[in-house]
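Undergrad: Just one file: start_26.txt, with compact mmCIF, C-alpha atoms.
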# COMPACT_ATOMS: atom_id res chain seq x y z
CA MET F 1 205.47 36.88 130.83
CA VAL F 2 207.65 34.27 132.44
CA VAL F 3 209.33 36.89 134.57
CA GLU F 4 206.01 38.18 135.65
CA GLY F 5 204.93 34.67 136.52
CA GLU F 6 208.04 34.16 138.61
CA MET F 7 207.41 37.40 140.43
CA ASP F 8 203.83 36.38 141.13
CA SER F 9 204.94 33.05 142.53
CA ASN F 10 207.25 34.77 145.01
CA VAL F 11 204.46 36.96 146.49
CA THR F 12 203.31 35.58 149.84
CA GLN F 13 199.71 35.89 150.85
CA PRO F 14 199.05 37.56 154.28
CA GLU F 15 198.42 35.04 157.03
CA SER F 16 195.09 35.11 158.81
CA PHE F 17 194.81 36.07 162.47
CA TRP F 18 193.81 32.55 163.48
CA HIS F 19 196.71 31.02 161.51
CA ILE F 20 199.11 33.28 163.40
CA LEU F 21 197.55 32.23 166.71
CA LYS F 22 198.11 28.56 165.85
CA GLU F 23 201.81 29.16 165.31
CA MET F 24 202.21 31.20 168.52
CA ASP F 25 203.25 29.77 171.85
CA PRO F 26 200.17 28.47 173.75
CA VAL F 27 200.85 30.84 176.65
CA TRP F 28 200.89 33.87 174.37
CA THR F 29 197.79 32.59 172.58
CA THR F 30 195.94 32.34 175.89
CA THR F 31 197.10 35.81 176.89
CA VAL F 32 196.00 37.40 173.63
CA LEU F 33 192.56 35.85 173.92
CA LEU F 34 192.07 36.47 177.64
CA VAL F 35 193.14 40.12 177.90
CA PRO F 36 190.24 41.50 175.80
CA CYS F 37 187.82 39.26 177.69
CA VAL F 38 189.12 40.52 181.04
CA VAL F 39 188.85 44.15 179.89
CA VAL F 40 185.27 43.64 178.72
CA MET F 41 184.30 41.78 181.88
CA THR F 42 185.87 44.47 184.09
CA ALA F 43 184.04 47.24 182.23
CA GLY F 44 180.82 45.26 182.54
CA PHE F 45 181.38 44.77 186.27
CA PHE F 46 181.82 48.48 186.90
CA TYR F 47 178.78 49.25 184.77
CA LEU F 48 176.63 46.80 186.73
CA TYR F 49 178.09 48.11 189.98
CA GLY F 50 177.05 51.64 189.05
CA MET F 51 173.56 50.46 188.18
CA ILE F 52 173.25 48.58 191.47
CA ILE F 53 174.40 51.59 193.50
CA ASN F 54 171.94 53.79 191.64
CA LEU F 55 169.17 51.27 192.34
CA LEU F 56 170.12 51.00 196.00
CA SER F 57 170.10 54.79 196.35
CA LYS F 58 166.51 54.76 195.14
CA THR F 59 165.21 51.74 197.04
CA SER F 60 166.94 52.57 200.34
CA VAL F 61 165.44 56.06 200.59
CA HIS F 62 162.24 55.79 198.55
CA ASN F 63 159.38 57.36 200.52
CA LYS F 64 161.71 57.78 203.51
CA VAL F 65 161.76 61.06 205.43
CA VAL F 66 165.37 62.24 205.27
CA VAL F 67 166.80 65.23 207.14
CA ILE F 68 170.04 66.76 205.85
CA THR F 69 171.76 69.39 207.97
CA ASP F 70 173.87 71.99 206.17
CA ALA F 71 172.21 71.04 202.90
CA LEU F 72 173.87 74.07 201.30
CA SER F 73 177.37 72.59 201.53
CA GLY F 74 178.90 70.64 198.66
CA LEU F 75 178.17 67.30 200.28
CA GLY F 76 174.73 68.43 201.41
CA ARG F 77 173.76 69.42 197.88
CA GLU F 78 175.08 66.16 196.47
CA CYS F 79 173.12 64.10 199.00
CA ALA F 80 170.02 66.20 198.37
CA GLY F 81 170.26 65.49 194.64
CA VAL F 82 170.81 61.74 195.09
CA PHE F 83 168.04 61.28 197.65
CA HIS F 84 165.57 63.53 195.83
CA LYS F 85 165.94 61.49 192.64
CA GLY F 86 165.56 58.36 194.77
CA GLY F 87 162.10 59.47 195.88
CA ALA F 88 162.93 60.56 199.43
CA ARG F 89 160.81 63.06 201.36
CA LEU F 90 163.57 65.57 202.02
CA ILE F 91 163.83 68.07 204.85
CA LEU F 92 166.67 70.40 203.90
CA CYS F 93 168.24 72.45 206.69
CA GLY F 94 170.54 75.43 206.38
CA LYS F 95 171.30 78.93 207.55
CA GLY F 96 170.10 80.91 204.51
CA TRP F 97 166.46 80.80 203.45
CA GLU F 98 167.02 82.21 199.96
CA LYS F 99 169.77 79.69 199.21
CA LEU F 100 167.58 76.86 200.49
CA GLU F 101 164.83 77.99 198.11
CA GLU F 102 167.32 78.08 195.24
CA LEU F 103 168.42 74.54 196.08
CA ALA F 104 164.81 73.36 196.18
CA ASP F 105 164.17 74.96 192.78
CA ASP F 106 167.27 73.30 191.32
CA LEU F 107 166.11 69.90 192.58
CA ALA F 108 162.63 70.42 191.17
CA ASN F 109 163.97 71.45 187.77
CA ALA F 110 166.29 68.44 187.56
CA SER F 111 163.72 65.77 188.43
CA ASP F 112 160.39 64.32 187.44
CA PRO F 113 157.70 65.81 189.70
CA THR F 114 155.53 62.71 189.26
CA VAL F 115 158.01 60.48 191.09
CA THR F 116 159.60 62.94 193.55
CA PHE F 117 158.43 65.00 196.49
CA PRO F 118 159.01 68.76 196.90
CA PRO F 119 161.57 69.29 199.68
CA LYS F 120 160.61 70.88 202.98
CA LEU F 121 162.89 73.70 204.12
CA VAL F 122 163.92 74.51 207.69
CA LEU F 123 166.26 77.23 208.95
CA LEU F 124 168.80 75.55 211.22
CA ASP F 125 171.86 77.17 212.75
CA PHE F 126 173.81 75.09 215.24
CA GLY F 127 175.68 78.24 216.23
CA ASP F 128 172.45 79.64 217.67
CA MET F 129 171.60 77.17 220.39
CA ASP F 130 168.55 79.17 221.57
CA SER F 131 166.84 78.66 218.20
CA LEU F 132 167.27 74.88 218.13
CA PRO F 133 164.11 73.83 220.07
CA GLU F 134 161.91 75.70 217.60
CA ALA F 135 163.85 74.34 214.61
CA ILE F 136 163.61 70.75 215.90
CA ALA F 137 159.87 71.13 216.43
CA GLU F 138 159.51 72.41 212.87
CA ILE F 139 161.50 69.45 211.53
CA LEU F 140 159.24 67.00 213.36
CA ASP F 141 156.12 68.80 212.15
CA CYS F 142 157.09 68.51 208.47
CA TYR F 143 155.94 64.89 208.12
CA GLY F 144 155.19 63.86 211.68
CA CYS F 145 158.02 61.32 211.68
CA LEU F 146 161.64 60.84 210.63
CA ASP F 147 163.46 57.90 209.07
CA ILE F 148 166.99 59.19 208.44
CA VAL F 149 168.96 62.13 209.82
CA ILE F 150 172.29 63.01 208.21
CA PHE F 151 174.43 65.19 210.48
CA ASN F 152 176.61 67.04 208.02
CA SER F 153 177.29 70.44 209.63
CA SER F 154 180.79 71.44 210.65
CA ILE F 155 183.10 74.42 210.99
CA LYS F 156 186.87 74.25 211.37
CA VAL F 157 189.65 76.45 212.67
CA LYS F 158 193.40 76.01 212.27
CA ALA F 159 195.54 77.95 214.74
CA PRO F 160 197.88 77.50 217.74
CA ALA F 161 195.93 76.68 220.88
CA GLN F 162 197.06 79.77 222.79
CA SER F 163 195.76 82.08 220.06
CA LEU F 164 192.17 80.85 220.19
CA SER F 165 189.75 82.75 222.40
CA LEU F 166 187.15 81.06 224.57
CA GLU F 167 184.46 82.52 222.29
CA VAL F 168 185.93 80.69 219.30
CA ASP F 169 186.18 77.50 221.33
CA LYS F 170 182.49 77.76 222.27
CA LEU F 171 181.52 78.51 218.66
CA LEU F 172 183.22 75.36 217.42
CA MET F 173 181.77 73.23 220.19
CA ASP F 174 178.26 74.56 219.51
CA ASN F 175 178.47 73.86 215.78
CA ASN F 176 180.36 70.59 215.90
CA TYR F 177 179.13 69.03 219.13
CA PHE F 178 176.31 70.66 221.10
CA GLY F 179 174.24 71.43 218.00
CA PRO F 180 174.29 67.92 216.49
CA ILE F 181 173.67 66.15 219.80
CA THR F 182 170.79 68.53 220.62
CA LEU F 183 169.16 67.63 217.30
CA ALA F 184 169.79 63.93 217.92
CA LYS F 185 168.19 64.13 221.38
CA GLY F 186 165.27 66.06 219.92
CA VAL F 187 164.40 63.48 217.25
CA LEU F 188 165.11 60.34 219.28
CA PRO F 189 161.74 60.19 221.11
CA SER F 190 159.94 60.08 217.75
CA MET F 191 162.22 57.32 216.44
CA ILE F 192 161.98 55.34 219.67
CA SER F 193 158.18 55.47 219.60
CA ARG F 194 158.22 54.10 216.02
CA ARG F 195 161.08 51.68 216.85
CA SER F 196 162.78 52.70 213.63
CA GLY F 197 165.31 55.23 212.36
CA HIS F 198 168.86 55.83 211.27
CA LEU F 199 171.22 58.52 212.54
CA LEU F 200 174.29 59.06 210.36
CA LEU F 201 177.13 61.32 211.45
CA VAL F 202 179.46 62.67 208.77
CA ASN F 203 182.58 63.40 210.78
CA SER F 204 186.19 64.30 210.15
CA ILE F 205 188.92 61.71 210.51
CA GLN F 206 190.11 63.98 213.32
CA GLY F 207 187.38 62.42 215.38
CA ARG F 208 189.68 59.38 215.36
CA LEU F 209 193.13 60.98 215.53
CA THR F 210 194.62 64.44 216.09
CA VAL F 211 197.10 66.69 214.31
CA PRO F 212 198.71 69.90 215.60
CA PHE F 213 197.10 73.34 215.35
CA ARG F 214 193.58 71.94 215.42
CA THR F 215 193.08 71.59 219.16
CA THR F 216 189.50 72.79 219.53
CA TYR F 217 188.38 71.41 216.18
CA ALA F 218 189.75 67.95 216.99
CA ALA F 219 188.28 68.13 220.50
CA SER F 220 184.81 68.86 219.10
CA LYS F 221 185.13 66.04 216.57
CA HIS F 222 186.28 63.57 219.23
CA ALA F 223 183.38 64.63 221.45
CA VAL F 224 180.68 64.14 218.81
CA GLN F 225 182.25 60.85 217.71
CA ALA F 226 182.16 59.58 221.29
CA PHE F 227 178.54 60.70 221.72
CA PHE F 228 177.31 58.73 218.71
CA ASP F 229 179.48 55.72 219.61
CA CYS F 230 177.91 55.68 223.08
CA LEU F 231 174.43 56.27 221.66
CA ARG F 232 174.64 53.30 219.26
CA PRO F 233 174.20 50.50 221.83
CA GLU F 234 171.69 52.56 223.81
CA VAL F 235 169.17 52.73 220.97
CA GLU F 236 169.85 49.44 219.21
CA GLU F 237 167.07 47.70 221.13
CA TYR F 238 164.60 50.19 219.61
CA GLY F 239 165.57 49.29 216.05
CA ILE F 240 167.52 52.53 215.57
CA SER F 241 170.82 52.41 213.68
CA VAL F 242 173.71 54.77 214.32
CA SER F 243 176.50 55.15 211.76
CA THR F 244 179.60 57.32 211.62
CA ILE F 245 181.56 58.16 208.48
CA ASN F 246 185.02 59.66 208.98
CA HIS F 247 186.61 61.35 205.99
CA THR F 248 189.86 63.18 205.41
CA PHE F 249 188.43 66.21 203.64
CA ILE F 250 185.43 66.95 201.44
CA SER F 251 186.56 68.85 198.38
CA SER F 252 184.97 69.43 194.99
CA SER F 253 188.46 69.42 193.50
CA ALA F 254 189.84 66.41 195.34
CA SER F 255 191.11 64.90 192.14
CA ALA F 256 192.93 68.03 191.04
CA THR F 257 196.68 67.94 190.68
CA ALA F 258 198.43 68.95 193.87
CA ALA F 259 202.01 69.78 194.68
CA PRO F 260 203.87 66.87 196.28
CA PRO F 261 203.96 67.05 200.09
CA LYS F 262 207.20 68.04 201.76
CA SER F 263 206.97 65.52 204.56
CA ILE F 264 205.16 62.36 205.60
CA TRP F 265 203.56 64.32 208.46
CA SER F 266 201.98 66.78 206.05
CA LEU F 267 200.26 63.90 204.24
CA LEU F 268 198.15 63.25 207.32
CA TYR F 269 196.12 66.42 207.01
CA THR F 270 196.78 68.17 203.70
CA LYS F 271 193.58 68.84 201.78
CA LYS F 272 195.00 67.41 198.57
CA PRO F 273 195.44 64.77 197.32
CA LEU F 274 193.76 62.97 200.24
CA GLY F 275 190.35 64.67 199.99
CA VAL F 276 187.22 62.99 198.68
CA SER F 277 184.72 64.55 196.31
CA PRO F 278 181.09 65.12 197.36
CA ASP F 279 179.82 62.46 194.95
CA GLU F 280 182.23 59.88 196.39
CA ALA F 281 181.12 60.72 199.92
CA ALA F 282 177.44 60.66 198.92
CA THR F 283 177.90 57.21 197.36
CA GLU F 284 179.45 55.98 200.60
CA ILE F 285 176.56 57.46 202.58
CA VAL F 286 174.05 55.60 200.40
CA LYS F 287 175.92 52.31 200.88
CA THR F 288 176.16 52.89 204.63
CA LEU F 289 172.43 53.57 204.90
CA ASN F 290 171.68 50.47 202.88
CA ASN F 291 173.89 47.99 204.75
CA LYS F 292 173.68 49.84 208.10
CA ARG F 293 177.40 49.72 208.75
CA ARG F 294 178.35 51.18 212.10
CA GLU F 295 181.71 52.74 211.17
CA VAL F 296 183.18 53.80 207.86
CA VAL F 297 186.51 55.52 207.19
CA ILE F 298 186.90 57.21 203.80
CA ALA F 299 190.64 57.73 203.54
CA PRO F 300 193.74 56.52 201.68
CA SER F 301 196.09 54.06 203.29
CA LEU F 302 198.33 56.52 205.14
CA PRO F 303 195.65 58.14 207.35
CA LYS F 304 194.28 54.69 208.15
CA VAL F 305 197.79 53.57 209.14
CA ALA F 306 198.02 56.68 211.33
CA ILE F 307 194.87 55.63 213.20
CA TYR F 308 196.33 52.21 213.99
CA THR F 309 199.73 53.70 214.80
CA ARG F 310 198.08 56.05 217.30
CA SER F 311 196.46 53.05 219.00
CA PHE F 312 199.29 50.52 218.97
CA PHE F 313 202.46 52.63 218.68
CA PRO F 314 201.58 55.96 220.31
CA ASN F 315 205.18 57.07 220.86
CA ILE F 316 205.90 56.78 217.14
CA PHE F 317 202.76 58.73 216.31
CA PHE F 318 203.57 61.51 218.78
CA GLY F 319 207.12 61.66 217.46
CA VAL F 320 205.91 62.16 213.90
CA MET F 321 203.52 64.88 215.06
CA ALA F 322 206.29 66.70 216.94
CA ALA F 323 208.59 66.48 213.93
CA GLY F 324 205.85 67.98 211.81
CA VAL F 325 205.49 70.96 214.13
CA LYS F 326 209.23 71.61 213.95
CA ASN F 327 209.09 71.34 210.17
CA ALA F 328 206.17 73.78 209.99
CA THR F 329 207.93 76.23 212.29
CA THR F 330 211.13 76.07 210.25
CA SER F 331 209.33 76.64 206.96
CA GLY F 332 207.28 79.47 208.44
CA LYS F 333 204.01 77.65 207.86
CA MET F 334 201.50 76.52 210.43
Could you express the structure from this file as structure tokens?
TA:
Amino acid sequence: MVVEGEMDSNVTQPESFWHILKEMDPVWTTTVLLVPCVVVMTAGFFYLYGMIINLLSKTSVHNKVVVITDALSGLGRECAGVFHKGGARLILCGKGWEKLEELADDLANASDPTVTFPPKLVLLDFGDMDSLPEAIAEILDCYGCLDIVIFNSSIKVKAPAQSLSLEVDKLLMDNNYFGPITLAKGVLPSMISRRSGHLLLVNSIQGRLTVPFRTTYAASKHAVQAFFDCLRPEVEEYGISVSTINHTFISSSASATAAPPKSIWSLLYTKKPLGVSPDEAATEIVKTLNNKRREVVIAPSLPKVAIYTRSFFPNIFFGVMAAGVKNATTSGKM
């Protein structure tokens, strides 16, 4: 019994958490207490941020007449879904009538019909310039007015300049430049008469800088960027906002694992990992419409550095581009 008593007296009771904290260094004590608080506060911040963005997407487009060109693309569909749930009066434009109807059905099935409006559908093909006057008239007739036009259409070609025919050059210029500006000119009188409206151009970052083997594509993107930049001050007095969003690449798999680039030059235009997903781009569009920012660049640090390098250190930029061409030629890739 005595032995057992001695054994019991040697057993130490476990110390409480607060007792341990008292014996710890004050710095460590503060750290242990603050880290969970910071984690919780950060999670709460992002949760509230998401709720605010969702609220803004509804309030900024509620009852607004919104035109989306190329609504059948990944970004077009994403914007259609966000704006439809936000209560916008959508006018969805695209080249295929059956696919537009399928998109409209998908939107209707995924929303509450008591708080949303059935989308209007318009066939619109920027590659067919002769059909644009009729299409623009149909867009204006849908609701009699327009609040927001999102210019989302684009086609791209990657090839050496000497291999592109004049027909291909014209096709790219029609789709990427002449088509969008024709639509903009067609809807401006209505917006000017109402002294209200917002034109938003979704453009490639190659409207701000150029990379090899994209001569005509970059030329069309520079042209449409310049048009909307010039248009902005012209229509400001009428209460019309003009915004441009330049992205690196819209990809549904932007977050997918990609092979590491072989050179710094290749980072400037590879699709991965520098692409943005449609939902990321749609979120940026909603924020741009809400705060009416004039210019937005959706890109990682390196492409943004390339834009400034092109402006302030052009010889370095051109040298990197030339080195990239040599690297592509050596590796047998364009």
Undergrad: Which residues, written as a list in words, have at least one atom at most 10 Å from range 109-117 of chain F, with all atoms listed in the file counted and residues fewer than 6 positions away on the same chain left out?
TA: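 Those residues are His62, Asn63, Gly81, Phe83, His84, Lys85, Gly86, Gly87, Ala88, Arg89, Leu90 and Leu103 of chain F.
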Undergrad: Of the residues F:Val66, F:Val187, F:Ser154, F:Leu107, which is the one nearest to Leu289 in chain F, using all atoms listed in the file?
TA: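 Closest residue, counting all atoms listed in the file: F:Val66.
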Undergrad: Given all atoms listed in the file as the basis, pick out the residue of F:Asn203, F:Thr244, F:Thr215, F:Asn175 nearest to Gln162 in chain F.
TA: F:Thr215
Undergrad: Hey, can you pull every residue with an atom no more than 12 Å from (184.1, 65.7, 215.1), using all atoms listed in the file, and send it as a short mmCIF file (atom, residue, chain, number, x, y, z; two decimals) with C-alpha atoms, in the coordinates of the input?
TA:
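Saved to selection_36.cif:
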data_model
loop_
_atom_site.label_atom_id
_atom_site.label_comp_id
_atom_site.auth_asym_id
_atom_site.auth_seq_id
_atom_site.Cartn_x
_atom_site.Cartn_y
_atom_site.Cartn_z
CA PHE F 151 174.43 65.19 210.48
CA ASN F 152 176.61 67.04 208.02
CA SER F 153 177.29 70.44 209.63
CA SER F 154 180.79 71.44 210.65
CA ILE F 155 183.10 74.42 210.99
CA LYS F 156 186.87 74.25 211.37
CA LEU F 172 183.22 75.36 217.42
CA MET F 173 181.77 73.23 220.19
CA ASP F 174 178.26 74.56 219.51
CA ASN F 175 178.47 73.86 215.78
CA ASN F 176 180.36 70.59 215.90
CA TYR F 177 179.13 69.03 219.13
CA PHE F 178 176.31 70.66 221.10
CA GLY F 179 174.24 71.43 218.00
CA PRO F 180 174.29 67.92 216.49
CA ILE F 181 173.67 66.15 219.80
CA LEU F 201 177.13 61.32 211.45
CA VAL F 202 179.46 62.67 208.77
CA ASN F 203 182.58 63.40 210.78
CA SER F 204 186.19 64.30 210.15
CA ILE F 205 188.92 61.71 210.51
CA GLN F 206 190.11 63.98 213.32
CA GLY F 207 187.38 62.42 215.38
CA ARG F 208 189.68 59.38 215.36
CA LEU F 209 193.13 60.98 215.53
CA THR F 210 194.62 64.44 216.09
CA ARG F 214 193.58 71.94 215.42
CA THR F 215 193.08 71.59 219.16
CA THR F 216 189.50 72.79 219.53
CA TYR F 217 188.38 71.41 216.18
CA ALA F 218 189.75 67.95 216.99
CA ALA F 219 188.28 68.13 220.50
CA SER F 220 184.81 68.86 219.10
CA LYS F 221 185.13 66.04 216.57
CA HIS F 222 186.28 63.57 219.23
CA ALA F 223 183.38 64.63 221.45
CA VAL F 224 180.68 64.14 218.81
CA GLN F 225 182.25 60.85 217.71
CA ALA F 226 182.16 59.58 221.29
CA PHE F 227 178.54 60.70 221.72
CA PHE F 228 177.31 58.73 218.71
CA ASP F 229 179.48 55.72 219.61
CA THR F 244 179.60 57.32 211.62
CA ILE F 245 181.56 58.16 208.48
CA ASN F 246 185.02 59.66 208.98
CA HIS F 247 186.61 61.35 205.99
CA THR F 248 189.86 63.18 205.41
#
Undergrad: Would you kindly identify which residues have an atom no farther than 6 Å from (169.4, 59.2, 213.6), using only C-alpha atoms and the file's own coordinates, and write them out as a ChimeraX atom specification?
TA: /F:148-149,197-200
Undergrad: Please measure the separation of CA of Glu102 in chain F and CA of Asp70 in chain F, giving the value in Å to one decimal.
TA: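 Going from CA of Glu102 in chain F over to CA of Asp70 in chain F, I get 14.1 Å.
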Undergrad: Could you state the separation of CA of Met321 in chain F and CA of Lys170 in chain F in Å, given to one decimal place?
TA: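 Here the two named atoms are 25.7 Å from each other.
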Undergrad: Write out as JSON an axis-aligned box for range 60-66 of chain F: all of its atoms listed in the file, 4 Å added on each side, centre and edge lengths in Å with one decimal.
TA:
{"center_x": 163.2, "center_y": 57.4, "center_z": 202.0, "size_x": 15.6, "size_y": 17.7, "size_z": 14.9}
Undergrad: Of the candidates F:Val296, F:Ser190, F:Gly74, F:Ile307, which one gets nearest to Ser277 in chain F if we count all atoms listed in the file?
TA: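 Looking only at the distances to Ser277 in chain F, the closest residue turns out to be F:Gly74.
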Undergrad: Just give me the gap between CA of Phe318 in chain F and CA of Ala299 in chain F in Å, one decimal is fine.
TA: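 Distance between the two atoms: 20.3 Å.
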Undergrad: So that I can see what lies close to Leu132 in chain F, please list as number ranges by chain the residues with an atom at most 12 Å from it, counting all atoms listed in the file and leaving out residues fewer than 2 positions away in the same chain.
TA: F: 93, 122-130, 134-139, 174-175, 178-187
Undergrad: Between F:Pro119, F:Pro233, F:Pro212, F:Pro133, which is the closest to Ala161 in chain F once you count all atoms listed in the file?
TA: F:Pro212
